[in-house]
$ cat target14.txt   # compact mmCIF, C-alpha atoms and all ligand atoms
# COMPACT_ATOMS: atom_id res chain seq x y z
CA MET A 1 41.57 55.59 45.94
CA ALA A 2 38.11 54.47 45.02
CA ARG A 3 37.51 54.01 41.33
CA PRO A 4 34.40 55.68 39.90
CA SER A 5 33.36 52.28 38.54
CA ASP A 6 33.03 50.98 42.10
CA HIS A 7 30.10 53.35 42.47
CA VAL A 8 28.20 52.33 39.35
CA ASP A 9 24.86 50.91 40.41
CA GLY A 10 23.66 48.36 37.86
CA ALA A 11 20.20 48.10 39.41
CA ARG A 12 19.76 51.89 39.25
CA LEU A 13 20.90 51.92 35.62
CA TRP A 14 18.42 49.19 34.76
CA ARG A 15 15.58 50.93 36.59
CA ARG A 16 16.28 54.17 34.79
CA LEU A 17 16.38 52.44 31.43
CA MET A 18 13.01 50.87 32.15
CA ASP A 19 11.69 54.28 33.32
CA LEU A 20 12.82 55.85 30.04
CA SER A 21 11.24 53.03 28.02
CA ARG A 22 7.80 54.05 29.31
CA PHE A 23 7.96 57.12 27.03
CA GLY A 24 6.64 55.80 23.74
CA ALA A 25 6.16 52.29 25.14
CA ARG A 26 4.60 49.79 22.75
CA ALA A 27 2.24 47.04 23.87
CA ASP A 28 4.74 44.42 22.65
CA GLY A 29 7.45 45.65 25.03
CA GLY A 30 9.23 47.76 22.45
CA VAL A 31 9.50 51.52 22.06
CA ASP A 32 8.08 53.92 19.48
CA ARG A 33 9.78 57.18 20.37
CA GLN A 34 10.48 58.77 17.04
CA THR A 35 12.40 61.99 16.99
CA LEU A 36 10.78 65.29 17.99
CA THR A 37 7.42 63.65 18.83
CA GLN A 38 5.35 64.13 21.97
CA ALA A 39 6.85 60.90 23.33
CA GLU A 40 10.35 62.25 22.89
CA ILE A 41 9.40 65.64 24.31
CA ALA A 42 8.13 63.88 27.45
CA ALA A 43 11.27 61.72 27.66
CA ARG A 44 13.39 64.82 27.27
CA ALA A 45 11.58 66.60 30.12
CA HIS A 46 12.11 63.46 32.20
CA LEU A 47 15.89 63.59 31.57
CA VAL A 48 16.07 67.32 32.29
CA ALA A 49 14.26 66.75 35.61
CA LEU A 50 16.52 63.81 36.45
CA GLY A 51 19.61 65.86 35.63
CA ARG A 52 18.43 68.77 37.74
CA SER A 53 17.70 66.45 40.64
CA LEU A 54 21.36 65.39 40.45
CA GLY A 55 22.60 68.97 40.30
CA LEU A 56 23.46 68.91 36.58
CA ASP A 57 22.91 71.94 34.33
CA PRO A 58 20.76 71.30 31.24
CA TYR A 59 21.56 73.01 27.94
CA THR A 60 20.28 72.67 24.43
CA ASP A 61 20.95 74.18 21.01
CA GLU A 62 18.95 75.03 17.89
CA GLY A 63 19.11 71.37 16.89
CA ALA A 64 17.42 70.35 20.18
CA ASN A 65 20.46 68.32 21.23
CA LEU A 66 20.20 67.90 25.00
CA PHE A 67 23.24 68.34 27.25
CA LEU A 68 23.42 67.85 31.01
CA ARG A 69 26.58 69.37 32.37
CA CYS A 70 28.54 68.26 35.41
CA PRO A 71 30.93 71.16 36.00
CA GLY A 72 34.64 70.56 36.42
CA ARG A 73 37.27 72.55 38.27
CA ARG A 74 38.38 74.27 35.07
CA PRO A 75 35.47 75.97 33.27
CA ASP A 76 37.97 77.25 30.68
CA LEU A 77 38.67 73.74 29.35
CA PRO A 78 36.47 72.07 26.72
CA ALA A 79 34.18 69.43 28.20
CA VAL A 80 34.27 65.70 27.63
CA LEU A 81 31.00 64.27 26.31
CA ALA A 82 29.32 60.90 26.78
CA GLY A 83 25.96 59.77 25.51
CA SER A 84 24.03 58.75 22.42
CA HIS A 85 20.40 59.36 21.42
CA ILE A 86 16.92 58.79 22.86
CA ASP A 87 14.91 58.67 19.63
CA SER A 88 13.91 55.24 18.33
CA GLN A 89 12.61 53.50 15.26
CA PRO A 90 8.78 53.13 15.13
CA MET A 91 9.24 49.48 16.07
CA GLY A 92 12.29 50.02 18.22
CA GLY A 93 13.69 48.57 21.40
CA ARG A 94 14.52 49.82 24.87
CA PHE A 95 18.30 49.89 24.58
CA ASP A 96 19.41 51.34 21.23
CA GLY A 97 20.64 54.85 22.09
CA ALA A 98 18.93 54.92 25.48
CA PHE A 99 21.66 52.77 27.01
CA GLY A 100 24.37 55.26 26.00
CA VAL A 101 22.54 58.18 27.57
CA MET A 102 21.65 56.40 30.80
CA ALA A 103 25.14 54.92 31.10
CA ALA A 104 26.47 58.49 30.91
CA PHE A 105 24.20 59.46 33.83
CA GLU A 106 25.54 56.50 35.75
CA ALA A 107 29.17 57.46 34.99
CA VAL A 108 28.65 61.02 36.22
CA GLU A 109 26.90 59.87 39.37
CA ALA A 110 29.60 57.28 40.05
CA ILE A 111 32.34 59.90 39.75
CA ARG A 112 30.52 62.13 42.20
CA ALA A 113 29.75 59.26 44.57
CA ALA A 114 33.46 58.46 44.61
CA GLY A 115 33.99 61.97 45.98
CA LEU A 116 35.81 63.09 42.84
CA VAL A 117 35.61 66.39 40.98
CA PRO A 118 36.93 66.26 37.40
CA GLU A 119 39.16 68.93 35.92
CA ARG A 120 37.03 69.23 32.81
CA ALA A 121 33.27 69.39 32.78
CA ILE A 122 31.56 66.15 31.81
CA GLU A 123 28.45 66.53 29.68
CA ILE A 124 25.81 63.87 29.11
CA VAL A 125 24.41 64.26 25.61
CA ALA A 126 21.36 63.01 23.72
CA PHE A 127 21.65 63.90 20.03
CA THR A 128 18.52 64.64 18.01
CA ASN A 129 17.18 62.40 15.25
CA GLU A 130 19.87 59.75 15.11
CA GLU A 131 17.50 57.22 13.57
CA GLY A 132 16.31 59.15 10.54
CA CYS A 133 12.99 57.29 10.30
CA ARG A 134 10.71 60.32 10.73
CA PHE A 135 13.00 62.88 9.11
CA SER A 136 15.46 61.30 6.68
CA PRO A 137 18.44 61.27 6.69
CA GLY A 138 19.23 60.82 10.38
CA MET A 139 22.12 62.02 12.56
CA THR A 140 20.63 65.52 12.33
CA GLY A 141 21.71 66.55 15.82
CA SER A 142 25.32 65.44 15.54
CA ASP A 143 25.55 66.80 11.98
CA LEU A 144 24.38 70.22 13.19
CA PHE A 145 26.54 70.11 16.30
CA THR A 146 29.69 69.35 14.32
CA GLY A 147 28.84 71.56 11.35
CA VAL A 148 28.42 68.84 8.72
CA ARG A 149 25.00 70.28 7.89
CA THR A 150 23.33 73.60 8.63
CA LEU A 151 19.93 74.28 10.13
CA ALA A 152 18.84 75.73 6.78
CA GLU A 153 19.68 72.41 5.09
CA VAL A 154 17.63 70.26 7.46
CA ALA A 155 14.75 72.56 8.46
CA GLY A 156 12.73 71.97 5.29
CA ILE A 157 12.83 68.15 5.43
CA ARG A 158 9.26 66.87 5.90
CA ASP A 159 7.90 63.81 7.67
CA ALA A 160 5.15 61.62 6.20
CA ALA A 161 2.49 63.98 7.58
CA GLY A 162 4.08 67.00 5.89
CA ILE A 163 5.49 68.55 9.08
CA THR A 164 8.88 70.14 8.56
CA GLN A 165 11.81 69.28 10.76
CA GLY A 166 12.18 73.00 11.45
CA ASP A 167 8.66 73.22 12.88
CA ALA A 168 9.18 70.02 14.89
CA LEU A 169 12.43 71.39 16.32
CA ALA A 170 10.70 74.66 17.26
CA ALA A 171 7.94 72.73 19.06
CA VAL A 172 10.46 70.76 21.11
CA LEU A 173 12.49 73.84 22.03
CA ALA A 174 9.28 75.69 23.00
CA SER A 175 8.42 72.85 25.37
CA ASP A 176 11.73 73.17 27.27
CA ARG A 177 11.46 74.95 30.61
CA ASP A 178 14.35 77.29 31.38
CA VAL A 179 16.84 75.26 29.34
CA PRO A 180 19.41 77.71 27.93
CA GLN A 181 20.64 77.42 24.36
CA ARG A 182 24.26 77.31 23.35
CA PRO A 183 25.78 77.57 19.86
CA PHE A 184 26.73 74.65 17.63
CA ARG A 185 30.36 73.72 17.11
CA ARG A 186 31.48 74.23 20.67
CA PRO A 187 34.94 72.74 21.24
CA VAL A 188 34.83 69.24 22.72
CA ALA A 189 37.78 67.47 24.35
CA ALA A 190 36.52 63.94 23.66
CA PHE A 191 33.35 61.93 23.08
CA VAL A 192 32.52 58.39 24.18
CA GLU A 193 29.35 56.64 22.98
CA PRO A 194 28.30 53.45 24.75
CA HIS A 195 25.89 51.38 22.65
CA ILE A 196 24.49 47.89 22.29
CA GLU A 197 26.39 46.05 19.57
CA GLN A 198 23.37 45.45 17.30
CA GLY A 199 25.25 42.42 16.04
CA PRO A 200 26.01 38.88 17.25
CA ILE A 201 29.77 38.89 17.92
CA LEU A 202 30.10 39.79 21.63
CA GLU A 203 27.28 37.47 22.67
CA ARG A 204 28.72 34.64 20.59
CA ASP A 205 32.15 35.10 22.18
CA GLY A 206 30.76 35.59 25.69
CA ILE A 207 32.58 38.94 25.98
CA PRO A 208 30.86 41.86 27.75
CA ILE A 209 32.93 44.76 26.39
CA GLY A 210 33.59 45.65 22.77
CA VAL A 211 36.31 48.21 22.12
CA VAL A 212 35.02 49.69 18.88
CA THR A 213 37.84 50.14 16.38
CA GLY A 214 35.87 52.17 13.85
CA ILE A 215 32.78 52.38 11.71
CA GLN A 216 32.28 50.57 8.44
CA GLY A 217 32.00 52.76 5.37
CA THR A 218 28.79 53.12 3.40
CA ARG A 219 27.78 54.27 -0.04
CA ARG A 220 24.10 54.60 -0.89
CA TYR A 221 22.64 55.09 -4.36
CA ARG A 222 19.39 55.52 -6.18
CA VAL A 223 19.24 54.17 -9.73
CA THR A 224 16.51 55.27 -12.13
CA VAL A 225 15.95 53.23 -15.27
CA THR A 226 13.69 54.83 -17.85
CA GLY A 227 12.11 52.81 -20.64
CA GLU A 228 8.74 53.04 -22.31
CA ALA A 229 5.33 51.68 -21.37
CA ALA A 230 3.84 49.29 -23.90
CA HIS A 231 1.09 46.68 -24.25
CA ALA A 232 2.14 43.29 -22.86
CA GLY A 233 0.26 41.50 -25.65
CA THR A 234 1.11 43.51 -28.71
CA ALA A 235 4.57 45.07 -28.23
CA GLU A 236 7.33 42.98 -29.86
CA ARG A 237 9.99 42.03 -27.35
CA ARG A 238 12.82 43.27 -29.57
CA GLU A 239 11.06 46.64 -29.83
CA ARG A 240 10.54 47.07 -26.11
CA ARG A 241 12.35 49.38 -23.76
CA ASP A 242 11.59 47.39 -20.63
CA ALA A 243 12.88 49.27 -17.61
CA LEU A 244 12.39 46.36 -15.19
CA MET A 245 14.29 43.83 -17.32
CA ALA A 246 17.18 46.29 -17.52
CA ALA A 247 17.04 46.84 -13.75
CA VAL A 248 17.03 43.09 -13.12
CA ARG A 249 20.15 42.67 -15.29
CA MET A 250 21.86 45.47 -13.37
CA ILE A 251 20.95 44.09 -9.95
CA ALA A 252 22.09 40.57 -10.87
CA ALA A 253 25.42 41.86 -12.20
CA ILE A 254 25.95 44.10 -9.14
CA ASP A 255 25.24 41.12 -6.89
CA ARG A 256 27.91 39.09 -8.73
CA ALA A 257 30.40 41.96 -8.50
CA ALA A 258 29.86 42.27 -4.75
CA ALA A 259 30.48 38.56 -4.14
CA ASP A 260 34.17 39.33 -3.75
CA PRO A 261 35.30 39.93 -1.05
CA ALA A 262 32.78 37.74 0.74
CA ASP A 263 32.24 40.18 3.64
CA THR A 264 30.94 42.91 1.34
CA LYS A 265 27.45 44.01 2.38
CA LEU A 266 25.28 44.72 -0.64
CA THR A 267 21.56 45.40 -0.28
CA VAL A 268 18.97 46.34 -2.89
CA GLY A 269 16.18 46.97 -0.41
CA MET A 270 13.80 49.16 -2.36
CA ILE A 271 12.41 48.90 -5.85
CA GLU A 272 9.56 50.88 -7.39
CA VAL A 273 8.07 49.90 -10.72
CA THR A 274 6.00 52.30 -12.81
CA PRO A 275 3.21 51.81 -13.74
CA ASN A 276 3.45 48.48 -11.84
CA ALA A 277 0.65 46.88 -13.81
CA PRO A 278 0.67 43.20 -14.85
CA SER A 279 -0.10 43.83 -18.51
CA VAL A 280 2.12 46.84 -19.11
CA VAL A 281 5.81 46.83 -20.04
CA PRO A 282 7.45 48.75 -17.16
CA ALA A 283 8.21 52.33 -18.11
CA GLU A 284 10.38 53.27 -15.18
CA VAL A 285 12.16 51.57 -12.28
CA LEU A 286 13.73 53.19 -9.25
CA PHE A 287 15.90 51.03 -7.00
CA SER A 288 18.26 51.55 -4.08
CA ILE A 289 21.76 50.23 -3.50
CA ASP A 290 23.36 50.13 -0.04
CA LEU A 291 27.03 49.12 -0.17
CA ARG A 292 29.27 48.65 2.89
CA HIS A 293 32.72 47.29 3.64
CA PRO A 294 35.33 48.16 6.29
CA ASP A 295 38.02 48.70 3.63
CA ASN A 296 37.49 51.95 1.73
CA ALA A 297 39.44 50.54 -1.24
CA VAL A 298 36.86 47.75 -1.65
CA VAL A 299 33.96 50.21 -1.54
CA ASP A 300 35.66 52.52 -4.02
CA ARG A 301 36.42 49.66 -6.43
CA LEU A 302 32.82 48.45 -6.28
CA ASP A 303 31.59 52.01 -6.76
CA ALA A 304 33.38 52.09 -10.11
CA GLU A 305 32.07 48.62 -11.03
CA ILE A 306 28.49 49.53 -10.15
CA ARG A 307 28.65 52.65 -12.31
CA ALA A 308 30.01 50.59 -15.22
CA ILE A 309 27.36 47.90 -14.77
CA VAL A 310 24.49 50.39 -14.81
CA GLU A 311 25.79 51.75 -18.11
CA ALA A 312 26.54 48.33 -19.60
CA GLU A 313 23.23 46.67 -18.73
CA ARG A 314 20.77 49.45 -19.54
CA GLY A 315 20.12 48.12 -23.06
CA PRO A 316 17.72 50.40 -24.94
CA CYS A 317 16.69 52.20 -21.74
CA ALA A 318 18.13 55.33 -20.19
CA ALA A 319 19.69 54.97 -16.75
CA SER A 320 20.95 57.38 -14.15
CA LEU A 321 22.77 56.59 -10.92
CA ARG A 322 22.73 59.07 -8.06
CA GLN A 323 24.94 58.60 -5.00
CA ILE A 324 22.91 59.92 -2.07
CA GLN A 325 25.37 59.18 0.72
CA HIS A 326 29.07 58.46 1.08
CA ASN A 327 30.57 57.83 4.50
CA PRO A 328 34.08 56.43 4.31
CA SER A 329 35.17 53.86 6.87
CA LEU A 330 36.81 55.47 9.87
CA THR A 331 39.14 54.40 12.64
CA PHE A 332 38.58 55.74 16.15
CA SER A 333 41.27 57.46 18.23
CA PRO A 334 43.96 54.95 19.31
CA ASP A 335 44.22 56.79 22.65
CA LEU A 336 40.54 56.33 23.36
CA ARG A 337 40.56 52.71 22.27
CA ALA A 338 43.50 52.14 24.61
CA ALA A 339 41.71 53.95 27.44
CA ILE A 340 38.63 51.76 27.03
CA ALA A 341 40.65 48.55 26.81
CA THR A 342 42.75 49.56 29.83
CA ALA A 343 39.68 50.40 31.91
CA ALA A 344 38.02 47.08 31.01
CA GLY A 345 41.23 45.19 31.76
CA ALA A 346 41.65 46.87 35.14
CA LEU A 347 38.11 45.80 36.02
CA GLY A 348 38.81 42.22 34.97
CA LEU A 349 36.20 42.48 32.22
CA PRO A 350 36.88 40.43 29.09
CA HIS A 351 37.02 42.71 26.04
CA ARG A 352 37.82 42.55 22.35
CA ASP A 353 38.21 44.87 19.41
CA ILE A 354 35.13 45.10 17.23
CA LEU A 355 34.16 47.08 14.14
CA SER A 356 30.82 48.87 14.10
CA ALA A 357 28.84 47.72 11.09
CA ALA A 358 26.23 50.45 11.65
CA GLY A 359 26.58 54.23 11.73
CA HIS A 360 26.34 56.20 14.97
CA ASP A 361 26.61 59.82 16.13
CA ALA A 362 30.21 58.94 17.01
CA ARG A 363 30.95 59.14 13.27
CA GLN A 364 30.21 62.85 13.25
CA LEU A 365 32.02 63.57 16.52
CA HIS A 366 35.09 61.67 15.25
CA ALA A 367 35.59 64.51 12.79
CA VAL A 368 35.97 67.12 15.55
CA CYS A 369 37.46 65.39 18.62
CA PRO A 370 39.00 62.13 19.84
CA THR A 371 36.07 59.72 19.86
CA GLY A 372 35.46 56.17 21.00
CA MET A 373 32.64 53.69 21.43
CA ILE A 374 31.98 50.96 23.99
CA PHE A 375 29.80 48.09 22.78
CA VAL A 376 27.91 45.69 25.01
CA PRO A 377 26.23 42.48 23.79
CA CYS A 378 22.57 42.29 22.82
CA ARG A 379 20.58 39.10 22.51
CA ASP A 380 20.88 37.42 19.10
CA GLY A 381 22.23 40.71 17.74
CA VAL A 382 18.63 41.90 17.39
CA SER A 383 18.01 45.65 17.25
CA HIS A 384 15.49 48.05 15.69
CA ASN A 385 12.98 45.55 16.98
CA PRO A 386 10.71 45.42 20.05
CA ALA A 387 12.45 42.15 21.00
CA GLU A 388 15.75 44.00 21.51
CA TRP A 389 17.30 42.84 24.79
CA ALA A 390 20.50 43.32 26.75
CA GLU A 391 21.48 41.65 30.02
CA PRO A 392 21.56 43.98 33.05
CA ASP A 393 25.03 42.73 34.02
CA ASP A 394 26.43 43.56 30.59
CA LEU A 395 24.91 47.04 30.67
CA ALA A 396 26.37 47.60 34.13
CA ALA A 397 29.78 46.44 32.87
CA GLY A 398 29.60 48.94 30.02
CA ALA A 399 28.68 51.73 32.43
CA ARG A 400 31.55 50.80 34.75
CA VAL A 401 34.05 51.02 31.90
CA LEU A 402 32.52 54.32 30.83
CA ALA A 403 32.78 55.76 34.35
CA ASP A 404 36.51 55.06 34.59
CA VAL A 405 37.17 56.23 31.02
CA MET A 406 35.30 59.50 31.57
CA TRP A 407 37.18 60.14 34.78
CA HIS A 408 40.46 59.50 32.97
CA LEU A 409 39.49 61.81 30.10
CA ALA A 410 38.21 64.55 32.39
CA THR A 411 41.29 64.61 34.59
CA GLY A 412 44.23 63.63 32.41
CA ASP A 413 47.10 62.69 34.66
CA GLU A 414 45.95 64.80 37.55
CA VAL A 415 43.68 62.35 39.22
CA ARG A 416 42.85 63.88 42.55
CA ALA A 417 40.38 62.86 45.17
CA VAL A 418 38.63 65.51 47.20
CA ALA A 419 37.45 62.90 49.65
CA SER A 420 38.51 59.37 50.25
ZN ZN B 1 21.59 53.88 18.14

$ encode --input "target14.txt" --output "structure tokens"
Amino acid sequence: MARPSDHVDGARLWRRLMDLSRFGARADGGVDRQTLTQAEIAARAHLVALGRSLGLDPYTDEGANLFLRCPGRRPDLPAVLAGSHIDSQPMGGRFDGAFGVMAAFEAVEAIRAAGLVPERAIEIVAFTNEEGCRFSPGMTGSDLFTGVRTLAEVAGIRDAAGITQGDALAAVLASDRDVPQRPFRRPVAAFVEPHIEQGPILERDGIPIGVVTGIQGTRRYRVTVTGEAAHAGTAERRERRDALMAAVRMIAAIDRAAADPADTKLTVGMIEVTPNAPSVVPAEVLFSIDLRHPDNAVVDRLDAEIRAIVEAERGPCAASLRQIQHNPSLTFSPDLRAAIATAAGALGLPHRDILSAAGHDARQLHAVCPTGMIFVPCRDGVSHNPAEWAEPDDLAAGARVLADVMWHLATGDEVRAVAS
């Protein structure tokens, strides 16, 4: 029997990725297709038209997640989903997210070209606002779909121009033509998200397929240090309540604490000083902390240390630490990891286990159904950058693995061909 992967067309996949990259194309070769913008609305209409031309049924929901359904023999069974997102960073690339969605198209077409009809429906999905650059935080679509957040919680979030996410969602949904809406929290049998690695490991090892073991945990904080403004020339140093000096002590101590273990990722990427004037003792400092490690125990230990450091180093200032996000590390379904590794092995494609250092919509789906991710290499590990690049052969390899995995998931043991 023909395998679905035999019908994956790498040239077609590449052409479609390049077609999609025209929506929001930047002069430097990158993509600016931020969520719920005109560029994304046009890209969305393009995908709906492509899906219809292939006989797929488009659906959406109140979060503007886009589904393209390939019916199975058993409409009573929950569908299997494959896809990612089509929104980008303002200085984004052509592959982040887009590859996962277009690979899902390729998988569905390959299954059909092999003359196969799955038991379960297969749905291609593009989740809304994965990136979180226009409306922060991101993962809005998968959060709404899985029930982590409600529409009421995200609708009031505003972009830099003051437009609410609720209004932006309404504009996108109004632009859909005859795309029915379905409720959130529909049962899902499984989800697979193909994605470029956004890191250097697969390219370094010369391996086309990464079997993603899980997603690294993250804690994010905002620390506010409050002192008192004073004259740089007249205020005695021992009398000062210098918010920046306190913040610097905290940051240096947190950096030392995070040195062990060596693979801890600690970033203080934002700092705001008030009044930020050369001759004024700083009255207030706001800074961010982004802490990540695959081992939840390490993150939890450092969480306690960071809290103690903020208290210990504040000196005469007041300090408050607010945790704004906590995503524990997660491990993907062993069955799905095995299915991906088996499919790659059967195709003779070198593969290795790999941890995702970045978050993806797969994190949210993992909470509601067996979930897996397929990584493919990207040049120099560069992503969120117009220079983002992936080799056509690697993308085709990822789509071939996806096609066989989706067929396996959509049929279980009853693999039946309707035509040879
Ligand atoms: Zn992405």

$ residues_near_ligand --input "target14.txt" --ligand "ligand ZN 1 (chain B)" --cutoff "8 Å" --atoms "only C-alpha atoms and all ligand atoms" --output "list in words"
Ser84, His85, Ser88, Asp96, Gly97, Ala98, Glu130, Glu131, His195, Ile196 and His360 of chain A

$ residues_around --input "target14.txt" --residues "A:Ala357" --least-positions-apart "6" --cutoff "10 Å" --atoms "all atoms listed in the file" --output "list of chain:residue names"
A:Glu197, A:Gln198, A:Gly199, A:Gly214, A:Ile215, A:Gln216, A:Gly217, A:Thr218, A:Lys265, A:Arg292, A:His293, A:Pro294, A:Ser329

$ axis_aligned_box --input "target14.txt" --around "stretch 117-129 of chain A" --padding-each-side "8 Å" --output "lines of an AutoDock Vina configuration file"
center_x = 28.2
center_y = 65.9
center_z = 28.1
size_x = 38.0
size_y = 23.0
size_z = 41.7

$ residues_near_point --input "target14.txt" --point "(8.4, 72.2, 26.4)" --cutoff "10 Å" --atoms "all atoms listed in the file" --output "ChimeraX atom specification"
/A:38,41-42,44-45,170-179

$ residues_around --input "target14.txt" --residues "A:Arg33" --least-positions-apart "4" --cutoff "6 Å" --atoms "all atoms listed in the file" --output "list of chain:residue names"
A:Gly24, A:Ala39, A:Glu40, A:Asp87, A:Ser88

$ closest_residue --input "target14.txt" --among "A:Leu395, A:Leu50, A:Ile306, A:Ala410" --to "A:Tyr221" --atoms "all atoms listed in the file"
A:Ile306

$ atom_distance --input "target14.txt" --atom1 "atom CA of A:Gly398" --atom2 "atom CA of A:Leu336"
14.8 Å

$ residues_around --input "target14.txt" --residues "A:Gly233" --least-positions-apart "4" --cutoff "12 Å" --atoms "all atoms listed in the file" --output "list of chain:residue names"
A:Arg237, A:Arg240, A:Pro278, A:Ser279, A:Val280, A:Val281

$ write_last_selection --input "target14.txt" --atoms "C-alpha atoms" --output "PDB file, keeping the file's coordinate frame"
ATOM      1  CA  ARG A 237       9.990  42.030 -27.350  1.00  0.00           C
ATOM      2  CA  ARG A 240      10.540  47.070 -26.110  1.00  0.00           C
ATOM      3  CA  PRO A 278       0.670  43.200 -14.850  1.00  0.00           C
ATOM      4  CA  SER A 279      -0.100  43.830 -18.510  1.00  0.00           C
ATOM      5  CA  VAL A 280       2.120  46.840 -19.110  1.00  0.00           C
ATOM      6  CA  VAL A 281       5.810  46.830 -20.040  1.00  0.00           C
TER       7      VAL A 281
END

$ closest_residue --input "target14.txt" --among "A:Gly51, A:Gly227, A:Pro334, A:Leu36" --to "A:Thr164" --atoms "all atoms listed in the file"
A:Leu36

$ residues_around --input "target14.txt" --residues "A:Pro208" --least-positions-apart "3" --cutoff "12 Å" --atoms "all atoms listed in the file" --output "tab-separated table (two decimals) with C-alpha atoms, keeping the file's coordinate frame"
chain	number	residue	atom	x	y	z
A	195	HIS	CA	25.89	51.38	22.65
A	196	ILE	CA	24.49	47.89	22.29
A	197	GLU	CA	26.39	46.05	19.57
A	200	PRO	CA	26.01	38.88	17.25
A	201	ILE	CA	29.77	38.89	17.92
A	202	LEU	CA	30.10	39.79	21.63
A	203	GLU	CA	27.28	37.47	22.67
A	204	ARG	CA	28.72	34.64	20.59
A	205	ASP	CA	32.15	35.10	22.18
A	211	VAL	CA	36.31	48.21	22.12
A	341	ALA	CA	40.65	48.55	26.81
A	344	ALA	CA	38.02	47.08	31.01
A	345	GLY	CA	41.23	45.19	31.76
A	347	LEU	CA	38.11	45.80	36.02
A	348	GLY	CA	38.81	42.22	34.97
A	349	LEU	CA	36.20	42.48	32.22
A	350	PRO	CA	36.88	40.43	29.09
A	351	HIS	CA	37.02	42.71	26.04
A	352	ARG	CA	37.82	42.55	22.35
A	353	ASP	CA	38.21	44.87	19.41
A	354	ILE	CA	35.13	45.10	17.23
A	374	ILE	CA	31.98	50.96	23.99
A	375	PHE	CA	29.80	48.09	22.78
A	376	VAL	CA	27.91	45.69	25.01
A	377	PRO	CA	26.23	42.48	23.79
A	378	CYS	CA	22.57	42.29	22.82
A	379	ARG	CA	20.58	39.10	22.51
A	390	ALA	CA	20.50	43.32	26.75
A	391	GLU	CA	21.48	41.65	30.02
A	392	PRO	CA	21.56	43.98	33.05
A	393	ASP	CA	25.03	42.73	34.02
A	394	ASP	CA	26.43	43.56	30.59
A	395	LEU	CA	24.91	47.04	30.67
A	396	ALA	CA	26.37	47.60	34.13
A	397	ALA	CA	29.78	46.44	32.87
A	398	GLY	CA	29.60	48.94	30.02
A	399	ALA	CA	28.68	51.73	32.43
A	400	ARG	CA	31.55	50.80	34.75
A	401	VAL	CA	34.05	51.02	31.90
